[in-house]
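As stored in coords-v2.tsv (TSV, C-alpha atoms):
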chain	number	residue	atom	x	y	z
K	203	MET	CA	-19.29	105.02	5.15
K	204	LEU	CA	-23.08	104.78	5.31
K	205	ILE	CA	-25.17	107.63	6.76
K	206	THR	CA	-28.67	106.48	7.66
K	207	HIS	CA	-32.00	107.92	8.82
K	208	ILE	CA	-31.15	111.37	7.46
K	209	LYS	CA	-34.04	113.69	8.22
K	210	GLN	CA	-33.42	115.55	4.95
K	211	LEU	CA	-30.73	115.00	2.34
K	212	VAL	CA	-30.36	118.40	0.68
K	213	GLN	CA	-29.31	119.45	-2.84
K	214	VAL	CA	-29.53	116.07	-4.54
K	215	GLU	CA	-29.03	115.57	-8.26
K	216	GLU	CA	-29.60	112.60	-10.54
K	217	GLU	CA	-28.09	114.44	-13.51
K	218	ALA	CA	-25.39	117.10	-13.31
K	219	LYS	CA	-26.24	120.74	-13.82
K	220	LYS	CA	-23.71	123.51	-14.18
K	221	ALA	CA	-25.70	126.11	-12.25
K	222	VAL	CA	-29.24	127.17	-11.37
K	223	GLN	CA	-30.74	130.49	-12.35
K	224	GLY	CA	-33.82	132.65	-12.14
K	225	SER	CA	-36.93	130.99	-10.73
K	226	ASN	CA	-35.10	127.64	-10.56
K	227	MET	CA	-33.00	129.04	-7.73
K	228	ALA	CA	-36.02	128.60	-5.45
K	229	ILE	CA	-35.97	124.84	-6.08
K	230	LEU	CA	-33.73	122.84	-3.73
K	231	PRO	CA	-34.18	119.13	-4.40
K	232	SER	CA	-34.06	116.98	-1.28
K	233	ILE	CA	-35.06	113.56	0.06
K	234	GLN	CA	-36.80	112.96	3.39
K	235	ASN	CA	-35.74	110.03	5.60
K	236	ALA	CA	-32.73	109.28	3.44
K	237	PHE	CA	-29.46	107.39	3.32
K	238	LEU	CA	-26.11	108.38	1.79
K	239	LEU	CA	-23.48	105.79	0.88
K	240	ILE	CA	-19.87	106.89	0.46
K	241	GLU	CA	-17.20	104.71	-1.11
K	242	ASN	CA	-13.57	105.81	-0.93
K	243	ASP	CA	-13.76	109.59	-1.51
K	244	GLN	CA	-16.93	109.68	-3.63
K	245	ILE	CA	-20.69	109.54	-3.27
K	246	LYS	CA	-21.68	106.01	-4.25
K	247	ASP	CA	-25.44	106.05	-3.72
K	248	PHE	CA	-28.32	107.80	-1.97
K	249	GLY	CA	-32.06	107.56	-1.68
K	250	GLU	CA	-34.94	106.87	0.68
K	251	MET	CA	-34.32	104.68	3.74
K	252	LYS	CA	-36.69	102.02	2.39
K	253	ASP	CA	-34.09	101.45	-0.35
K	254	CYS	CA	-31.05	101.56	1.96
K	255	PRO	CA	-28.54	98.80	1.17
K	256	SER	CA	-27.03	96.54	3.81
K	257	TYR	CA	-23.52	97.64	4.76
K	258	ASP	CA	-20.83	96.23	7.06
K	259	GLY	CA	-18.58	99.30	7.27
K	260	GLU	CA	-18.69	102.53	9.27
K	261	THR	CA	-22.26	103.72	9.82
K	262	ILE	CA	-23.57	107.03	11.14
K	263	ASN	CA	-27.15	107.38	12.34
K	264	ALA	CA	-28.24	110.91	11.40
K	265	GLU	CA	-31.73	110.76	12.85
K	266	GLY	CA	-33.17	114.28	13.27
K	267	ARG	CA	-30.26	115.73	11.31
K	268	MET	CA	-29.82	117.02	7.79
K	269	VAL	CA	-27.00	116.40	5.33
K	270	PHE	CA	-25.83	119.11	2.92
K	271	PRO	CA	-23.09	119.30	0.30
K	272	SER	CA	-20.24	121.40	1.64
K	273	TRP	CA	-20.29	125.12	0.90
K	274	CYS	CA	-18.32	126.33	-2.12
K	275	ASP	CA	-16.69	129.68	-1.25
K	276	SER	CA	-15.53	131.23	-4.52
K	277	HIS	CA	-14.06	134.51	-3.24
K	278	THR	CA	-11.60	134.82	-0.34
K	279	HIS	CA	-8.33	136.52	0.59
K	280	ILE	CA	-7.23	134.25	3.46
K	281	VAL	CA	-3.48	134.74	2.87
K	282	TYR	CA	-2.75	137.96	4.75
K	283	ALA	CA	-0.57	139.25	7.57
K	284	GLY	CA	-2.19	140.35	10.81
K	285	SER	CA	-5.46	142.20	11.27
K	286	ARG	CA	-6.85	145.72	10.75
K	287	GLU	CA	-9.12	146.37	13.69
K	288	GLY	CA	-7.68	149.90	13.95
K	289	GLU	CA	-9.46	150.74	10.69
K	290	PHE	CA	-12.61	149.16	12.08
K	291	VAL	CA	-12.48	151.76	14.86
K	292	ASP	CA	-11.75	154.51	12.30
K	293	ARG	CA	-14.96	153.62	10.46
K	294	ILE	CA	-16.90	153.68	13.71
K	295	LYS	CA	-15.60	157.23	14.16
K	296	GLY	CA	-16.88	158.23	10.73
K	297	LEU	CA	-14.14	157.63	8.15
K	298	THR	CA	-15.21	155.93	4.91
K	299	TYR	CA	-13.47	152.98	3.26
K	300	GLU	CA	-12.16	155.33	0.56
K	301	GLU	CA	-10.87	157.89	3.11
K	302	ILE	CA	-9.00	155.19	5.00
K	303	ALA	CA	-7.44	154.00	1.74
K	304	GLU	CA	-6.36	157.54	0.84
K	305	ARG	CA	-4.53	157.79	4.19
K	306	GLY	CA	-2.45	154.69	3.40
K	307	GLY	CA	-4.82	152.27	5.09
K	308	GLY	CA	-6.84	149.54	3.51
K	309	ILE	CA	-5.15	147.33	0.96
K	310	LEU	CA	-1.89	149.30	1.13
K	311	ASN	CA	-1.76	148.74	4.90
K	312	SER	CA	-2.10	144.99	4.42
K	313	ALA	CA	0.49	145.07	1.64
K	314	LYS	CA	3.08	146.75	3.87
K	315	ARG	CA	2.51	144.16	6.60
K	316	LEU	CA	2.67	141.26	4.20
K	317	GLN	CA	5.87	142.46	2.59
K	318	ASN	CA	7.50	142.32	6.04
K	319	THR	CA	6.13	138.86	6.91
K	320	SER	CA	7.95	135.62	6.07
K	321	GLU	CA	6.44	133.01	3.80
K	322	ASP	CA	6.40	130.49	6.64
K	323	ASP	CA	4.54	132.87	8.95
K	324	LEU	CA	2.01	133.68	6.23
K	325	PHE	CA	1.49	129.98	5.63
K	326	GLU	CA	0.82	129.25	9.30
K	327	GLN	CA	-1.68	132.12	9.55
K	328	ALA	CA	-3.49	131.04	6.39
K	329	LYS	CA	-3.51	127.39	7.43
K	330	ALA	CA	-5.35	128.33	10.64
K	331	ARG	CA	-7.93	130.29	8.63
K	332	LEU	CA	-8.39	127.39	6.23
K	333	ALA	CA	-9.09	125.02	9.12
K	334	GLU	CA	-11.52	127.59	10.52
K	335	VAL	CA	-13.62	127.80	7.37
K	336	ILE	CA	-13.63	124.03	6.90
K	337	ASN	CA	-15.15	123.77	10.37
K	338	TYR	CA	-17.91	126.14	9.18
K	339	GLY	CA	-18.77	123.65	6.41
K	340	THR	CA	-16.72	124.95	3.47
K	341	GLY	CA	-15.61	122.15	1.16
K	342	ALA	CA	-14.08	124.10	-1.76
K	343	ILE	CA	-12.46	127.53	-1.77
K	344	GLU	CA	-10.82	130.14	-3.97
K	345	VAL	CA	-7.93	132.20	-2.56
K	346	LYS	CA	-6.57	135.43	-4.05
K	347	SER	CA	-3.24	137.19	-3.87
K	348	GLY	CA	-3.30	141.00	-3.93
K	349	TYR	CA	-1.74	142.04	-0.63
K	350	GLY	CA	1.79	141.84	-2.02
K	351	LEU	CA	1.82	144.53	-4.73
K	352	THR	CA	5.48	143.81	-5.49
K	353	VAL	CA	6.87	141.05	-7.67
K	354	GLU	CA	8.45	139.30	-4.69
K	355	SER	CA	5.46	139.56	-2.38
K	356	GLU	CA	2.79	138.62	-4.92
K	357	LEU	CA	4.80	135.51	-5.77
K	358	LYS	CA	5.22	134.85	-2.05
K	359	MET	CA	1.44	134.90	-1.57
K	360	LEU	CA	0.82	132.60	-4.50
K	361	ARG	CA	3.47	130.17	-3.26
K	362	VAL	CA	1.71	130.11	0.11
K	363	ILE	CA	-1.52	129.22	-1.69
K	364	GLN	CA	0.31	126.37	-3.42
K	365	ARG	CA	1.55	125.13	-0.04
K	366	LEU	CA	-2.02	125.25	1.25
K	367	LYS	CA	-3.16	123.20	-1.74
K	368	ALA	CA	-0.58	120.54	-0.86
K	369	ILE	CA	-1.99	119.98	2.64
K	370	SER	CA	-5.65	120.84	2.10
K	371	PRO	CA	-8.39	118.20	2.18
K	372	ILE	CA	-10.55	120.54	0.06
K	373	PRO	CA	-9.83	121.91	-3.43
K	374	ILE	CA	-8.26	125.36	-3.55
K	375	LYS	CA	-8.29	127.59	-6.62
K	376	ALA	CA	-5.59	130.27	-6.82
K	377	THR	CA	-6.22	133.74	-8.24
K	378	PHE	CA	-3.62	136.39	-9.09
K	379	LEU	CA	-4.90	139.78	-7.91
K	380	GLY	CA	-1.83	141.95	-8.34
K	381	ALA	CA	-4.22	144.63	-9.61
K	382	HIS	CA	-5.81	145.03	-6.18
K	383	ALA	CA	-4.50	148.56	-5.67
K	384	VAL	CA	-1.76	150.82	-7.02
K	385	PRO	CA	1.21	150.84	-4.60
K	386	SER	CA	2.24	154.19	-3.10
K	387	GLU	CA	5.53	154.25	-5.00
K	388	TYR	CA	3.59	154.05	-8.30
K	389	LYS	CA	1.02	156.67	-7.35
K	390	ASP	CA	2.24	158.96	-10.13
K	391	ASN	CA	3.13	156.15	-12.50
K	392	ARG	CA	0.11	153.87	-12.84
K	393	ALA	CA	1.24	152.71	-16.26
K	394	GLY	CA	4.54	151.64	-14.74
K	395	TYR	CA	2.79	149.40	-12.21
K	396	ILE	CA	0.58	147.86	-14.88
K	397	ASP	CA	3.71	147.15	-16.94
K	398	LEU	CA	5.21	145.47	-13.85
K	399	LEU	CA	2.12	143.26	-13.52
K	400	ILE	CA	2.14	142.28	-17.17
K	401	GLN	CA	5.84	142.08	-17.97
K	402	GLU	CA	7.29	140.69	-14.73
K	403	MET	CA	4.63	139.15	-12.51
K	404	LEU	CA	2.52	137.30	-15.07
K	405	PRO	CA	5.45	135.54	-16.83
K	406	GLN	CA	6.81	134.28	-13.51
K	407	ILE	CA	3.37	133.15	-12.31
K	408	ALA	CA	2.87	131.22	-15.54
K	409	LYS	CA	6.37	129.73	-15.36
K	410	GLU	CA	5.76	128.39	-11.84
K	411	ASN	CA	2.09	127.52	-12.54
K	412	LEU	CA	1.01	129.50	-9.47
K	413	ALA	CA	-2.55	130.52	-10.40
K	414	GLU	CA	-5.63	129.54	-12.38
K	415	TYR	CA	-7.27	132.96	-12.56
K	416	CYS	CA	-6.43	136.64	-12.98
K	417	ASP	CA	-8.52	139.21	-11.10
K	418	VAL	CA	-8.67	143.03	-11.17
K	419	PHE	CA	-10.31	145.48	-8.74
K	420	CYS	CA	-12.19	147.54	-11.34
K	421	ASP	CA	-13.85	150.25	-9.27
K	422	LYS	CA	-13.84	153.90	-8.24
K	423	GLY	CA	-10.38	154.84	-6.95
K	424	PHE	CA	-8.76	151.60	-8.09
K	425	PHE	CA	-8.43	150.38	-11.71
K	426	THR	CA	-10.22	151.84	-14.74
K	427	VAL	CA	-12.10	149.85	-17.36
K	428	GLU	CA	-9.27	150.39	-19.84
K	429	GLU	CA	-6.61	149.25	-17.36
K	430	THR	CA	-8.73	146.26	-16.38
K	431	ASP	CA	-9.22	145.20	-19.97
K	432	LYS	CA	-5.49	145.35	-20.62
K	433	ILE	CA	-4.60	143.29	-17.52
K	434	LEU	CA	-7.28	140.64	-18.07
K	435	LYS	CA	-6.23	140.17	-21.70
K	436	ALA	CA	-2.58	139.85	-20.65
K	437	GLY	CA	-3.52	137.32	-17.99
K	438	LEU	CA	-5.42	135.24	-20.52
K	439	GLU	CA	-2.35	135.15	-22.77
K	440	TYR	CA	-0.59	133.40	-19.89
K	441	GLY	CA	-3.45	130.96	-19.38
K	442	LEU	CA	-5.13	132.74	-16.46
K	443	LYS	CA	-8.90	132.96	-16.88
K	444	PRO	CA	-10.52	136.29	-15.94
K	445	LYS	CA	-12.38	137.01	-12.72
K	446	ILE	CA	-13.18	140.50	-11.50
K	447	HIS	CA	-13.96	142.69	-8.50
K	448	ALA	CA	-16.71	144.94	-9.85
K	449	ASN	CA	-19.15	147.59	-8.73
K	450	GLU	CA	-18.51	147.57	-4.98
K	451	LEU	CA	-18.15	151.35	-4.72
K	452	ALA	CA	-19.69	152.64	-7.96
K	453	ASN	CA	-21.23	151.67	-11.29
K	454	SER	CA	-17.70	151.32	-12.55
K	455	GLY	CA	-18.12	149.50	-15.84
K	456	GLY	CA	-16.52	146.49	-14.17
K	457	VAL	CA	-19.40	144.17	-15.02
K	458	GLN	CA	-19.28	145.14	-18.68
K	459	VAL	CA	-15.53	144.71	-19.05
K	460	GLY	CA	-15.72	141.43	-17.16
K	461	VAL	CA	-18.38	140.02	-19.46
K	462	ALA	CA	-16.55	141.35	-22.53
K	463	ASN	CA	-13.54	139.29	-21.43
K	464	ASN	CA	-15.64	136.18	-20.65
K	465	ALA	CA	-14.90	136.41	-16.94
K	466	LEU	CA	-15.85	133.32	-14.99
K	467	SER	CA	-17.39	135.56	-12.33
K	468	VAL	CA	-17.94	139.22	-11.49
K	469	ASP	CA	-17.88	139.71	-7.73
K	470	HIS	CA	-19.29	142.28	-5.25
K	471	LEU	CA	-22.06	143.98	-7.34
K	472	GLU	CA	-23.31	146.24	-4.56
K	473	ARG	CA	-23.91	148.91	-7.21
K	474	MET	CA	-25.91	147.52	-10.11
K	475	GLY	CA	-28.22	149.00	-12.74
K	476	THR	CA	-30.42	147.64	-15.49
K	477	GLU	CA	-27.56	147.84	-17.99
K	478	GLU	CA	-25.33	145.59	-15.88
K	479	ILE	CA	-28.13	143.05	-15.46
K	480	LYS	CA	-28.82	143.06	-19.19
K	481	VAL	CA	-25.15	142.50	-20.01
K	482	LEU	CA	-25.00	139.54	-17.64
K	483	MET	CA	-28.11	137.99	-19.19
K	484	ASP	CA	-26.22	137.29	-22.40
K	485	SER	CA	-23.15	135.76	-20.76
K	486	TYR	CA	-21.75	132.72	-19.00
K	487	THR	CA	-20.39	134.93	-16.19
K	488	MET	CA	-21.54	134.14	-12.64
K	489	PRO	CA	-22.70	137.21	-10.65
K	490	THR	CA	-21.23	136.68	-7.18
K	491	MET	CA	-22.43	138.60	-4.13
K	492	LEU	CA	-20.49	139.21	-0.90
K	493	PRO	CA	-23.09	140.38	1.65
K	494	SER	CA	-20.83	140.19	4.70
K	495	CYS	CA	-18.68	142.89	3.06
K	496	ALA	CA	-21.75	145.14	2.74
K	497	PHE	CA	-22.63	144.29	6.35
K	498	PHE	CA	-19.16	145.14	7.68
K	499	LEU	CA	-18.73	148.36	5.68
K	500	SER	CA	-22.37	149.49	6.00
K	501	ILE	CA	-22.76	149.90	2.25
K	502	ASP	CA	-25.56	148.88	-0.09
K	503	TYR	CA	-26.28	145.19	-0.60
K	504	ALA	CA	-26.29	143.67	-4.06
K	505	PRO	CA	-29.78	143.65	-5.66
K	506	ALA	CA	-30.26	139.90	-5.54
K	507	ARG	CA	-34.01	140.00	-6.11
K	508	GLN	CA	-33.69	142.05	-9.30
K	509	MET	CA	-31.02	139.74	-10.67
K	510	ILE	CA	-32.96	136.57	-9.90
K	511	ALA	CA	-36.19	138.08	-11.26
K	512	ALA	CA	-34.36	138.84	-14.50
K	513	GLY	CA	-33.47	135.16	-14.79
K	514	LEU	CA	-29.84	135.34	-13.72
K	515	PRO	CA	-27.98	132.86	-11.54
K	516	VAL	CA	-26.22	134.28	-8.47
K	517	ALA	CA	-23.51	132.90	-6.18
K	518	LEU	CA	-22.62	133.79	-2.59
K	519	ALA	CA	-19.11	133.95	-1.13
K	520	THR	CA	-17.50	135.25	2.06
K	521	ASP	CA	-14.80	137.65	0.79
K	522	TYR	CA	-12.83	136.64	3.92
K	523	ASN	CA	-10.16	139.35	4.27
K	524	PRO	CA	-8.70	141.61	6.99
K	525	GLY	CA	-10.20	144.89	5.83
K	526	SER	CA	-13.80	144.53	4.75
K	527	THR	CA	-14.85	141.00	5.81
K	528	PRO	CA	-12.83	139.43	8.61
K	529	SER	CA	-14.98	136.29	8.62
K	530	GLY	CA	-15.16	133.11	6.57
K	531	ARG	CA	-18.44	131.89	8.05
K	532	MET	CA	-20.58	130.85	5.07
K	533	PRO	CA	-23.74	130.19	7.15
K	534	PHE	CA	-23.69	133.86	8.22
K	535	VAL	CA	-23.38	134.90	4.57
K	536	ILE	CA	-26.47	132.81	3.84
K	537	SER	CA	-28.30	134.49	6.73
K	538	LEU	CA	-27.41	137.95	5.39
K	539	ALA	CA	-28.58	136.95	1.92
K	540	CYS	CA	-31.98	136.05	3.38
K	541	ILE	CA	-32.28	138.93	5.86
K	542	LYS	CA	-30.81	141.79	3.85
K	543	MET	CA	-31.22	140.73	0.22
K	544	LYS	CA	-34.55	138.91	0.63
K	545	MET	CA	-33.34	135.67	-0.89
K	546	THR	CA	-35.24	132.60	0.21
K	547	PRO	CA	-33.27	129.94	2.13
K	548	GLU	CA	-33.43	127.68	-0.92
K	549	GLU	CA	-32.05	130.40	-3.21
K	550	ALA	CA	-29.26	131.22	-0.78
K	551	ILE	CA	-28.22	127.59	-0.39
K	552	ASN	CA	-28.18	127.11	-4.16
K	553	ALA	CA	-26.01	130.24	-4.39
K	554	ALA	CA	-23.59	128.91	-1.76
K	555	THR	CA	-23.28	125.41	-3.20
K	556	ILE	CA	-23.82	124.60	-6.88
K	557	ASN	CA	-23.43	128.19	-8.13
K	558	GLY	CA	-20.35	128.76	-5.98
K	559	ALA	CA	-18.89	125.60	-7.48
K	560	TYR	CA	-19.59	127.01	-10.97
K	561	ALA	CA	-17.58	130.13	-10.08
K	562	MET	CA	-14.58	127.84	-9.43
K	563	GLU	CA	-15.17	125.41	-12.33
K	564	LEU	CA	-15.92	122.62	-9.85
K	565	THR	CA	-19.50	121.63	-10.67
K	566	ASP	CA	-18.37	118.24	-12.00
K	567	SER	CA	-17.11	117.28	-8.55
K	568	HIS	CA	-18.62	119.61	-5.91
K	569	GLY	CA	-21.69	121.64	-5.01
K	570	SER	CA	-24.35	118.95	-4.82
K	571	ILE	CA	-25.15	115.40	-3.68
K	572	MET	CA	-24.72	113.29	-6.81
K	573	LYS	CA	-23.31	109.87	-7.57
K	574	GLY	CA	-19.66	110.18	-8.53
K	575	LYS	CA	-19.10	113.58	-6.94
K	576	LYS	CA	-16.64	114.10	-4.10
K	577	ALA	CA	-17.97	113.08	-0.70
K	578	ASN	CA	-17.61	116.56	0.79
K	579	VAL	CA	-20.69	116.95	2.98
K	580	PHE	CA	-21.69	117.99	6.47
K	581	ILE	CA	-24.20	116.68	8.96
K	582	THR	CA	-26.11	119.26	10.97
K	583	LYS	CA	-27.11	119.08	14.59
K	584	PRO	CA	-30.81	118.23	15.01
K	585	ILE	CA	-32.70	121.07	13.28
K	586	PRO	CA	-36.38	121.48	12.36
K	587	SER	CA	-36.02	122.77	8.78
K	588	ILE	CA	-33.71	124.08	6.08
K	589	ALA	CA	-34.78	127.64	6.95
K	590	PHE	CA	-33.42	127.16	10.47
K	591	ILE	CA	-29.88	127.59	9.13
K	592	PRO	CA	-30.26	131.25	8.02
K	593	TYR	CA	-32.77	131.92	10.81
K	594	SER	CA	-30.33	130.83	13.53
K	595	PHE	CA	-27.60	133.20	12.32
K	596	GLY	CA	-25.43	133.10	15.44
K	597	SER	CA	-25.48	129.37	16.12
K	598	ASP	CA	-23.02	126.65	15.13
K	599	LEU	CA	-25.31	124.05	13.60
K	600	ILE	CA	-22.75	121.71	12.03
K	601	GLU	CA	-22.11	118.52	13.96
K	602	THR	CA	-19.90	116.51	11.58
K	603	VAL	CA	-17.82	117.52	8.56
K	604	ILE	CA	-16.96	114.78	6.06
K	605	LEU	CA	-14.30	115.47	3.44
K	606	ASN	CA	-13.24	113.01	0.76
K	607	GLY	CA	-15.31	110.38	2.55
K	608	LYS	CA	-13.56	110.81	5.92
K	609	ILE	CA	-14.59	112.61	9.08
K	610	TRP	CA	-12.65	115.85	9.47
K	611	GLU	CA	-11.28	116.09	12.99
K	612	GLY	CA	-11.07	119.87	13.08
K	613	ASN	CA	-7.44	120.67	12.33
K	614	PHE	CA	-4.57	119.66	10.08
K	615	ASN	CA	-2.48	118.02	12.79
K	616	ASP	CA	-5.22	115.48	13.36
K	617	GLU	CA	-6.07	115.11	9.71
K	618	LEU	CA	-2.62	114.51	8.22

Encoded form (structure tokens):
Amino acid sequence: MLITHIKQLVQVEEEAKKAVQGSNMAILPSIQNAFLLIENDQIKDFGEMKDCPSYDGETINAEGRMVFPSWCDSHTHIVYAGSREGEFVDRIKGLTYEEIAERGGGILNSAKRLQNTSEDDLFEQAKARLAEVINYGTGAIEVKSGYGLTVESELKMLRVIQRLKAISPIPIKATFLGAHAVPSEYKDNRAGYIDLLIQEMLPQIAKENLAEYCDVFCDKGFFTVEETDKILKAGLEYGLKPKIHANELANSGGVQVGVANNALSVDHLERMGTEEIKVLMDSYTMPTMLPSCAFFLSIDYAPARQMIAAGLPVALATDYNPGSTPSGRMPFVISLACIKMKMTPEEAINAATINGAYAMELTDSHGSIMKGKKANVFITKPIPSIAFIPYSFGSDLIETVILNGKIWEGNFNDEL
């Protein structure tokens, strides 16, 4: 496939980089009046139109349009049962996220529903959500468990993720998040639940090769630093690299314990101080922000400007889940990053592409336009500038999604 007359080819690389950080996040390399040549499922060549090769195959004229690498969404929970709009109304009436959780809502509500939902039903629901986010331009995604909270149901979730991997045109990374909340039946026996995670869930997950990562919700009202450290170390013994939910509700110590365990990413970060930023400066951990969660819950946004000014990289992800972010629309996340966290459009796009790929260990194949990388890209509708994407926060600006060098037709029935 040859795409010609591209108004702007965005996020191009001649040499691979793992991530961008600090002041470099404001740099978004692009080519005006460009071509992009795809061969099989990979990017073969690109450059200015004056250097465009002759080609006899499928050609797309992208005049007036821009081409971007697909978004890399490194934090989602798209395997869940049903919705929680009742809690949405509760928050409108004044209840906090923590108060809803204390009443048996929140994660425990989703866990109860999921435990009573069949694997096939969960798969069909998640498959629809996966198609939805692909249509928004997402070309790589991470999916967590964590709404099971029993051995059987956590394994059920992870098996659903494996079934999604088998049909998905985009890479999916699986994360075990059994430590998402303490189930009601273990309310007075937290140590017993942690033993269940470590002694029963992790061995079975490793035996069936169901996950790449192990995550813990280290925050006020959920898991302590000591509990988190124990679970992450146990996960690593079974080959699951650490990730972490940290500092959504409080300065919990989650960032510090994540970095101490060489976590690939620490995610949320709505509550951050100078100590957390300093700890991250000396690490390979990717700070990942979820602004649509802050938007939906009306809580503080992560201090993106302070982190970037300190020289850190940052990533953006959707946190798509039924309780705090019922949306997988990455362009809206980018808009929030610009509007609420004062990131420039270039910084936000870097955060949603190459840095998101880093948080899933996919920078060798995704996150930028580079020869040899996967041909996962999208073509916009005619737009005047890169900044028009976050500016036009309510518009669908994607005209064509290309995955593995083929046009995505919008759903799995057409694709497979």

When you draw a straight line from CA of Glu250 (chain K) to CA of Ala236 (chain K), how long is it in Å?
->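 These two atoms are separated by 4.3 Å.
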
Pick from K:Thr527, K:Gln508, K:Ser370, K:Asn464 nearest to Lys480 (chain K), counting only C-alpha atoms | K:Gln508

Could you check which of K:Pro586, K:Gly350, K:Gly259, K:Gly380 is closest to Thr319 (chain K), using only C-alpha atoms?
->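 Among the listed residues, the smallest separation from Thr319 (chain K) belongs to K:Gly350.
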
Given the choices K:Ala506, K:Phe425, K:Ile536, K:Ile208, which gets closest to Tyr593 (chain K) if the distance is worked out from all atoms listed in the file?
-> K:Ile536

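You can rank K:Leu514, K:Ala330, K:Ala376, K:Ala589 by their closest distance to Pro489 (chain K) using only C-alpha atoms, and at the top of that list sits K:Leu514.
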
Rounded to one decimal in Å, what is the spacing between CA of Gln234 (chain K) and CA of Lys209 (chain K)?
->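 The value is 5.6 Å.
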
Contacts of Asn226 (chain K) within 9 Å, all atoms listed in the file, excl. fewer than 5 positions in-chain, as a ChimeraX atom specification = /K:513,515,549

Choose the residue, out of K:Asn557, K:Thr206, K:Ser494, K:Asn453, that has the smallest atom-to-atom separation from Gly224 (chain K); count only C-alpha atoms.
->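 Smallest separation from Gly224 (chain K) among the options: K:Asn557.
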
List as a short mmCIF file (atom, residue, chain, number, x, y, z; two decimals) with C-alpha atoms, in the coordinates of the input the protein and nucleic acid residues near Ile374 (chain K), meaning an atom at most 12 Å away when all atoms listed in the file are counted, but skip any in the same chain fewer than 5 places from it.
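Below you can see around_8.cif, which holds the result:
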data_model
loop_
_atom_site.label_atom_id
_atom_site.label_comp_id
_atom_site.auth_asym_id
_atom_site.auth_seq_id
_atom_site.Cartn_x
_atom_site.Cartn_y
_atom_site.Cartn_z
CA CYS K 274 -18.32 126.33 -2.12
CA ASP K 275 -16.69 129.68 -1.25
CA SER K 276 -15.53 131.23 -4.52
CA HIS K 277 -14.06 134.51 -3.24
CA THR K 278 -11.60 134.82 -0.34
CA HIS K 279 -8.33 136.52 0.59
CA ILE K 280 -7.23 134.25 3.46
CA LEU K 332 -8.39 127.39 6.23
CA ILE K 336 -13.63 124.03 6.90
CA THR K 340 -16.72 124.95 3.47
CA GLY K 341 -15.61 122.15 1.16
CA ALA K 342 -14.08 124.10 -1.76
CA ILE K 343 -12.46 127.53 -1.77
CA GLU K 344 -10.82 130.14 -3.97
CA VAL K 345 -7.93 132.20 -2.56
CA LYS K 346 -6.57 135.43 -4.05
CA LEU K 360 0.82 132.60 -4.50
CA VAL K 362 1.71 130.11 0.11
CA ILE K 363 -1.52 129.22 -1.69
CA GLN K 364 0.31 126.37 -3.42
CA ARG K 365 1.55 125.13 -0.04
CA LEU K 366 -2.02 125.25 1.25
CA LYS K 367 -3.16 123.20 -1.74
CA ALA K 368 -0.58 120.54 -0.86
CA ILE K 369 -1.99 119.98 2.64
CA LEU K 412 1.01 129.50 -9.47
CA ALA K 413 -2.55 130.52 -10.40
CA GLU K 414 -5.63 129.54 -12.38
CA TYR K 415 -7.27 132.96 -12.56
CA ALA K 559 -18.89 125.60 -7.48
CA MET K 562 -14.58 127.84 -9.43
CA GLU K 563 -15.17 125.41 -12.33
CA LEU K 564 -15.92 122.62 -9.85
#
